[in-house]
Protein chains: 2
Amino acid sequence: MSKENVVYIGNKPVMNYVLADVIQMNGGTKEVILKARGRAISRAVDVAEIVRNRFISDIELGSIDTCTEEVMSNEGTATNVSAIEIQLYK
Amino acid sequence: MSKENVVYIGNKPVMNYVLADVIQMNGGTKEVILKARGRAISRAVDVAEIVRNRFISDIELGSIDTCTEEVMSNEGTATNVSAIEIQLYK
């Protein structure tokens, strides 16, 4: 799978990511992965639900994976942060 | 499945829910479901990851489901909110 299929969810408004996802799907992509870390995880679930319920009705929710990633702060200390990957496909 | 297996994740510190989960698992429960809505979704993923990585090593992450729930505000208006259910089992 190429990296083009990945939508990274950050702190922008939910609709930005919904739009990014819908544009990819309407452009012919069969599978999009939503990736988020930390507090953006809730937003990733929102994006998946909004795309599914309001925009693309024939989309399916695929596997949802969670993991723990180690993030280095500017001071050099490592912090653990949860991450999620949500697969959407047609 | 009885309701005893469900841990509802709210706005308390993560460790409260980790403890609730660990107590259930150590008490002989084979399967626990973590449920969360809205912004608590990130916390639910944190709980699952912390239990798995730090407390109970032989636990497995089962299915993760997301859905949209309608919540009534005090003014009587309906709002959609995303929800997640994370299954943990031995």
# chains A, B, ... in the order shown; residues from 1 in each chain; ligands from 1
$ interface_residues --of "chain B" --to "chain A" --cutoff "7 Å" --atoms "only C-alpha atoms" --output "ChimeraX atom specification"
/B:38-39,41-42,45-46,49,64,67-68,82
$ write_last_selection --atoms "N, CA, C and O atoms" --output "PDB file, in the first residue's frame"
ATOM      1  N   GLY B  38     -17.200  10.066  22.678  1.00  0.00           N
ATOM      2  CA  GLY B  38     -16.630  11.405  22.509  1.00  0.00           C
ATOM      3  C   GLY B  38     -15.148  11.446  22.818  1.00  0.00           C
ATOM      4  O   GLY B  38     -14.390  10.572  22.409  1.00  0.00           O
ATOM      5  N   ARG B  39     -14.758  12.449  23.578  1.00  0.00           N
ATOM      6  CA  ARG B  39     -13.326  12.635  23.831  1.00  0.00           C
ATOM      7  C   ARG B  39     -12.728  11.555  24.710  1.00  0.00           C
ATOM      8  O   ARG B  39     -11.506  11.419  24.785  1.00  0.00           O
ATOM      9  N   ILE B  41     -12.785   8.573  24.107  1.00  0.00           N
ATOM     10  CA  ILE B  41     -12.338   7.479  23.233  1.00  0.00           C
ATOM     11  C   ILE B  41     -10.816   7.325  23.308  1.00  0.00           C
ATOM     12  O   ILE B  41     -10.303   6.213  23.412  1.00  0.00           O
ATOM     13  N   SER B  42     -10.089   8.451  23.279  1.00  0.00           N
ATOM     14  CA  SER B  42      -8.628   8.371  23.376  1.00  0.00           C
ATOM     15  C   SER B  42      -8.215   7.692  24.676  1.00  0.00           C
ATOM     16  O   SER B  42      -7.275   6.894  24.707  1.00  0.00           O
ATOM     17  N   VAL B  45      -8.492   3.896  24.562  1.00  0.00           N
ATOM     18  CA  VAL B  45      -7.354   3.266  23.873  1.00  0.00           C
ATOM     19  C   VAL B  45      -6.139   3.246  24.796  1.00  0.00           C
ATOM     20  O   VAL B  45      -5.425   2.241  24.879  1.00  0.00           O
ATOM     21  N   ASP B  46      -5.941   4.343  25.535  1.00  0.00           N
ATOM     22  CA  ASP B  46      -4.847   4.375  26.524  1.00  0.00           C
ATOM     23  C   ASP B  46      -5.007   3.242  27.537  1.00  0.00           C
ATOM     24  O   ASP B  46      -4.046   2.546  27.854  1.00  0.00           O
ATOM     25  N   GLU B  49      -4.125  -0.119  26.050  1.00  0.00           N
ATOM     26  CA  GLU B  49      -2.689  -0.260  25.823  1.00  0.00           C
ATOM     27  C   GLU B  49      -1.920  -0.438  27.133  1.00  0.00           C
ATOM     28  O   GLU B  49      -1.006  -1.254  27.208  1.00  0.00           O
ATOM     29  N   ILE B  64     -12.567  -4.267  17.885  1.00  0.00           N
ATOM     30  CA  ILE B  64     -12.792  -2.863  18.225  1.00  0.00           C
ATOM     31  C   ILE B  64     -13.911  -2.368  17.322  1.00  0.00           C
ATOM     32  O   ILE B  64     -13.802  -2.444  16.098  1.00  0.00           O
ATOM     33  N   CYS B  67     -19.257   3.276  16.619  1.00  0.00           N
ATOM     34  CA  CYS B  67     -20.599   3.590  16.151  1.00  0.00           C
ATOM     35  C   CYS B  67     -20.909   5.045  16.475  1.00  0.00           C
ATOM     36  O   CYS B  67     -20.100   5.747  17.067  1.00  0.00           O
ATOM     37  N   THR B  68     -22.060   5.492  16.031  1.00  0.00           N
ATOM     38  CA  THR B  68     -22.501   6.852  16.326  1.00  0.00           C
ATOM     39  C   THR B  68     -23.732   6.764  17.209  1.00  0.00           C
ATOM     40  O   THR B  68     -24.661   6.030  16.892  1.00  0.00           O
ATOM     41  N   SER B  82     -19.570  10.059  18.604  1.00  0.00           N
ATOM     42  CA  SER B  82     -18.946   8.776  18.267  1.00  0.00           C
ATOM     43  C   SER B  82     -18.710   7.965  19.530  1.00  0.00           C
ATOM     44  O   SER B  82     -18.480   8.517  20.596  1.00  0.00           O
TER      45      SER B  82
END
$ select_by_dssp --residues "chain A" --states "helix (DSSP H, G or I)" --output "JSON, numbers by chain"
{"A": [3, 4, 5, 14, 15, 16, 17, 18, 19, 20, 21, 22, 23, 24, 25, 26, 40, 41, 42, 43, 44, 45, 46, 47, 48, 49, 50, 51, 52, 53, 54, 55]}
$ calpha_fit_and_write --fixed "chain A" --moving "chain B" --output "short mmCIF file (atom, residue, chain, number, x, y, z; two decimals) with N, CA and C atoms, in the first residue's frame"
data_model
loop_
_atom_site.label_atom_id
_atom_site.label_comp_id
_atom_site.auth_asym_id
_atom_site.auth_seq_id
_atom_site.Cartn_x
_atom_site.Cartn_y
_atom_site.Cartn_z
N MET B 1 0.86 -1.17 0.06
CA MET B 1 0.02 0.01 0.09
C MET B 1 0.89 1.26 0.07
N SER B 2 0.56 2.19 -0.75
CA SER B 2 1.35 3.42 -0.81
C SER B 2 0.94 4.37 0.30
N LYS B 3 1.80 5.33 0.57
CA LYS B 3 1.53 6.30 1.63
C LYS B 3 0.42 7.26 1.26
N GLU B 4 0.05 7.28 -0.02
CA GLU B 4 -0.99 8.20 -0.47
C GLU B 4 -2.34 7.89 0.16
N ASN B 5 -2.49 6.65 0.60
CA ASN B 5 -3.78 6.25 1.15
C ASN B 5 -3.95 6.63 2.60
N VAL B 6 -2.94 7.23 3.20
CA VAL B 6 -2.98 7.50 4.64
C VAL B 6 -3.41 8.93 4.91
N VAL B 7 -4.39 9.10 5.79
CA VAL B 7 -4.77 10.43 6.25
C VAL B 7 -4.36 10.54 7.72
N TYR B 8 -3.42 11.44 8.00
CA TYR B 8 -2.98 11.65 9.38
C TYR B 8 -3.89 12.66 10.06
N ILE B 9 -4.50 12.24 11.16
CA ILE B 9 -5.44 13.09 11.87
C ILE B 9 -4.69 13.88 12.95
N GLY B 10 -4.81 15.20 12.90
CA GLY B 10 -4.16 16.05 13.90
C GLY B 10 -5.18 16.90 14.62
N ASN B 11 -4.82 18.15 14.85
CA ASN B 11 -5.68 19.02 15.67
C ASN B 11 -6.56 19.97 14.87
N LYS B 12 -6.61 19.79 13.56
CA LYS B 12 -7.47 20.66 12.76
C LYS B 12 -8.94 20.23 12.93
N PRO B 13 -9.88 21.06 12.43
CA PRO B 13 -11.30 20.69 12.54
C PRO B 13 -11.57 19.35 11.83
N VAL B 14 -12.51 18.60 12.37
CA VAL B 14 -12.83 17.27 11.86
C VAL B 14 -13.11 17.29 10.36
N MET B 15 -13.83 18.32 9.91
CA MET B 15 -14.26 18.34 8.51
C MET B 15 -13.10 18.41 7.52
N ASN B 16 -11.97 18.98 7.95
CA ASN B 16 -10.78 18.98 7.08
C ASN B 16 -10.39 17.55 6.71
N TYR B 17 -10.40 16.67 7.69
CA TYR B 17 -9.97 15.29 7.47
C TYR B 17 -11.04 14.49 6.74
N VAL B 18 -12.31 14.81 7.04
CA VAL B 18 -13.41 14.16 6.32
C VAL B 18 -13.27 14.47 4.83
N LEU B 19 -13.01 15.75 4.52
CA LEU B 19 -12.87 16.18 3.13
C LEU B 19 -11.69 15.47 2.46
N ALA B 20 -10.55 15.40 3.15
CA ALA B 20 -9.37 14.73 2.60
C ALA B 20 -9.69 13.28 2.25
N ASP B 21 -10.43 12.64 3.15
CA ASP B 21 -10.79 11.25 2.96
C ASP B 21 -11.76 11.08 1.77
N VAL B 22 -12.78 11.94 1.73
CA VAL B 22 -13.79 11.85 0.67
C VAL B 22 -13.15 12.11 -0.69
N ILE B 23 -12.23 13.09 -0.75
CA ILE B 23 -11.55 13.40 -2.02
C ILE B 23 -10.76 12.18 -2.50
N GLN B 24 -10.04 11.54 -1.60
CA GLN B 24 -9.28 10.35 -1.97
C GLN B 24 -10.19 9.25 -2.49
N MET B 25 -11.27 9.00 -1.76
CA MET B 25 -12.18 7.93 -2.14
C MET B 25 -12.85 8.22 -3.48
N ASN B 26 -13.26 9.47 -3.68
CA ASN B 26 -13.91 9.82 -4.94
C ASN B 26 -12.92 9.85 -6.10
N GLY B 27 -11.63 9.96 -5.79
CA GLY B 27 -10.60 9.93 -6.82
C GLY B 27 -10.22 8.52 -7.23
N GLY B 28 -10.90 7.54 -6.69
CA GLY B 28 -10.68 6.17 -7.13
C GLY B 28 -9.93 5.29 -6.15
N THR B 29 -9.48 5.86 -5.03
CA THR B 29 -8.77 5.05 -4.03
C THR B 29 -9.77 4.10 -3.36
N LYS B 30 -9.38 2.83 -3.28
CA LYS B 30 -10.31 1.84 -2.74
C LYS B 30 -10.17 1.69 -1.23
N GLU B 31 -9.04 2.17 -0.70
CA GLU B 31 -8.77 1.94 0.73
C GLU B 31 -8.04 3.15 1.30
N VAL B 32 -8.52 3.65 2.41
CA VAL B 32 -7.86 4.76 3.09
C VAL B 32 -7.62 4.36 4.55
N ILE B 33 -6.43 4.70 5.05
CA ILE B 33 -6.12 4.44 6.45
C ILE B 33 -6.09 5.77 7.19
N LEU B 34 -6.86 5.86 8.27
CA LEU B 34 -6.80 7.04 9.14
C LEU B 34 -5.84 6.74 10.28
N LYS B 35 -4.86 7.60 10.49
CA LYS B 35 -3.91 7.39 11.57
C LYS B 35 -3.96 8.56 12.54
N ALA B 36 -3.94 8.25 13.83
CA ALA B 36 -3.98 9.31 14.83
C ALA B 36 -3.26 8.86 16.09
N ARG B 37 -2.78 9.83 16.83
CA ARG B 37 -2.12 9.54 18.10
C ARG B 37 -2.71 10.42 19.19
N GLY B 38 -2.62 9.91 20.41
CA GLY B 38 -3.01 10.70 21.58
C GLY B 38 -4.45 11.17 21.51
N ARG B 39 -4.66 12.43 21.82
CA ARG B 39 -6.03 12.94 21.89
C ARG B 39 -6.71 13.01 20.54
N ALA B 40 -5.94 12.95 19.45
CA ALA B 40 -6.56 12.99 18.12
C ALA B 40 -7.28 11.69 17.78
N ILE B 41 -7.10 10.66 18.64
CA ILE B 41 -7.75 9.37 18.39
C ILE B 41 -9.27 9.53 18.32
N SER B 42 -9.84 10.32 19.25
CA SER B 42 -11.28 10.54 19.22
C SER B 42 -11.70 11.17 17.90
N ARG B 43 -10.87 12.09 17.41
CA ARG B 43 -11.20 12.76 16.15
C ARG B 43 -11.16 11.79 14.98
N ALA B 44 -10.23 10.84 15.02
CA ALA B 44 -10.15 9.85 13.95
C ALA B 44 -11.42 9.01 13.88
N VAL B 45 -11.95 8.65 15.05
CA VAL B 45 -13.21 7.88 15.08
C VAL B 45 -14.35 8.74 14.55
N ASP B 46 -14.35 10.02 14.93
CA ASP B 46 -15.37 10.95 14.39
C ASP B 46 -15.30 10.99 12.86
N VAL B 47 -14.09 11.11 12.32
CA VAL B 47 -13.92 11.19 10.87
C VAL B 47 -14.49 9.93 10.21
N ALA B 48 -14.13 8.77 10.73
CA ALA B 48 -14.61 7.51 10.16
C ALA B 48 -16.13 7.45 10.19
N GLU B 49 -16.72 7.85 11.30
CA GLU B 49 -18.18 7.78 11.43
C GLU B 49 -18.88 8.78 10.51
N ILE B 50 -18.33 9.98 10.40
CA ILE B 50 -18.97 11.00 9.55
C ILE B 50 -18.88 10.60 8.08
N VAL B 51 -17.71 10.10 7.65
CA VAL B 51 -17.57 9.69 6.25
C VAL B 51 -18.56 8.58 5.94
N ARG B 52 -18.65 7.62 6.85
CA ARG B 52 -19.52 6.47 6.64
C ARG B 52 -20.99 6.84 6.62
N ASN B 53 -21.41 7.69 7.56
CA ASN B 53 -22.83 7.94 7.73
C ASN B 53 -23.37 9.06 6.85
N ARG B 54 -22.48 10.01 6.49
CA ARG B 54 -23.02 11.18 5.79
C ARG B 54 -22.56 11.31 4.35
N PHE B 55 -21.38 10.77 4.03
CA PHE B 55 -20.82 11.07 2.72
C PHE B 55 -20.77 9.89 1.75
N ILE B 56 -20.17 8.79 2.17
CA ILE B 56 -20.01 7.67 1.25
C ILE B 56 -20.67 6.46 1.89
N SER B 57 -21.87 6.13 1.38
CA SER B 57 -22.65 5.11 2.07
C SER B 57 -22.15 3.70 1.81
N ASP B 58 -21.43 3.49 0.69
CA ASP B 58 -20.99 2.13 0.40
C ASP B 58 -19.58 1.84 0.93
N ILE B 59 -19.16 2.65 1.89
CA ILE B 59 -17.84 2.45 2.49
C ILE B 59 -17.96 1.45 3.64
N GLU B 60 -16.91 0.66 3.81
CA GLU B 60 -16.91 -0.31 4.91
C GLU B 60 -15.82 0.04 5.91
N LEU B 61 -16.11 -0.23 7.17
CA LEU B 61 -15.11 -0.06 8.21
C LEU B 61 -14.31 -1.36 8.28
N GLY B 62 -13.01 -1.27 8.00
CA GLY B 62 -12.16 -2.46 8.06
C GLY B 62 -11.58 -2.65 9.45
N SER B 63 -10.35 -3.12 9.49
CA SER B 63 -9.72 -3.39 10.79
C SER B 63 -9.37 -2.10 11.51
N ILE B 64 -9.46 -2.15 12.82
CA ILE B 64 -9.02 -1.04 13.67
C ILE B 64 -7.91 -1.57 14.55
N ASP B 65 -6.72 -0.98 14.44
CA ASP B 65 -5.59 -1.43 15.25
C ASP B 65 -5.16 -0.33 16.19
N THR B 66 -4.74 -0.75 17.38
CA THR B 66 -4.16 0.23 18.29
C THR B 66 -2.75 -0.22 18.65
N CYS B 67 -1.90 0.72 18.97
CA CYS B 67 -0.56 0.38 19.43
C CYS B 67 -0.03 1.50 20.31
N THR B 68 1.14 1.29 20.87
CA THR B 68 1.78 2.31 21.69
C THR B 68 3.04 2.76 20.98
N GLU B 69 3.19 4.07 20.83
CA GLU B 69 4.39 4.60 20.18
C GLU B 69 5.19 5.42 21.18
N GLU B 70 6.51 5.41 21.01
CA GLU B 70 7.36 6.19 21.90
C GLU B 70 7.68 7.52 21.22
N VAL B 71 7.41 8.59 21.92
CA VAL B 71 7.66 9.91 21.36
C VAL B 71 8.75 10.59 22.17
N MET B 72 9.74 11.17 21.48
CA MET B 72 10.80 11.90 22.16
C MET B 72 10.40 13.35 22.33
N SER B 73 10.49 13.87 23.53
CA SER B 73 10.23 15.29 23.74
C SER B 73 11.48 16.08 23.39
N ASN B 74 11.35 17.39 23.37
CA ASN B 74 12.51 18.24 23.05
C ASN B 74 13.61 18.10 24.09
N GLU B 75 13.24 17.74 25.31
CA GLU B 75 14.24 17.57 26.37
C GLU B 75 14.93 16.21 26.29
N GLY B 76 14.51 15.38 25.36
CA GLY B 76 15.16 14.08 25.19
C GLY B 76 14.55 12.96 26.01
N THR B 77 13.45 13.24 26.72
CA THR B 77 12.80 12.17 27.46
C THR B 77 11.77 11.48 26.57
N ALA B 78 11.60 10.18 26.80
CA ALA B 78 10.66 9.42 25.99
C ALA B 78 9.32 9.30 26.70
N THR B 79 8.25 9.49 25.95
CA THR B 79 6.91 9.34 26.50
C THR B 79 6.15 8.34 25.63
N ASN B 80 5.34 7.53 26.26
CA ASN B 80 4.50 6.61 25.49
C ASN B 80 3.20 7.29 25.11
N VAL B 81 2.78 7.06 23.88
CA VAL B 81 1.51 7.62 23.44
C VAL B 81 0.75 6.55 22.65
N SER B 82 -0.54 6.47 22.87
CA SER B 82 -1.35 5.49 22.14
C SER B 82 -1.62 5.98 20.73
N ALA B 83 -1.75 5.02 19.83
CA ALA B 83 -2.04 5.37 18.44
C ALA B 83 -3.12 4.43 17.91
N ILE B 84 -3.82 4.89 16.88
CA ILE B 84 -4.88 4.08 16.28
C ILE B 84 -4.77 4.15 14.76
N GLU B 85 -5.12 3.05 14.12
CA GLU B 85 -5.20 3.03 12.65
C GLU B 85 -6.56 2.47 12.27
N ILE B 86 -7.33 3.24 11.54
CA ILE B 86 -8.66 2.82 11.12
C ILE B 86 -8.67 2.66 9.61
N GLN B 87 -9.04 1.47 9.16
CA GLN B 87 -9.07 1.18 7.73
C GLN B 87 -10.48 1.38 7.19
N LEU B 88 -10.59 2.16 6.12
CA LEU B 88 -11.87 2.33 5.44
C LEU B 88 -11.70 1.84 4.01
N TYR B 89 -12.63 1.05 3.52
CA TYR B 89 -12.50 0.58 2.15
C TYR B 89 -13.85 0.47 1.46
N LYS B 90 -13.80 0.47 0.12
CA LYS B 90 -15.02 0.33 -0.68
C LYS B 90 -15.21 -1.12 -1.07
#
$ select_by_dssp --residues "stretch 52-82 of chain B" --states "strand (DSSP E)" --output "PyMOL selection string"
chain B and resi 60-72+78-82
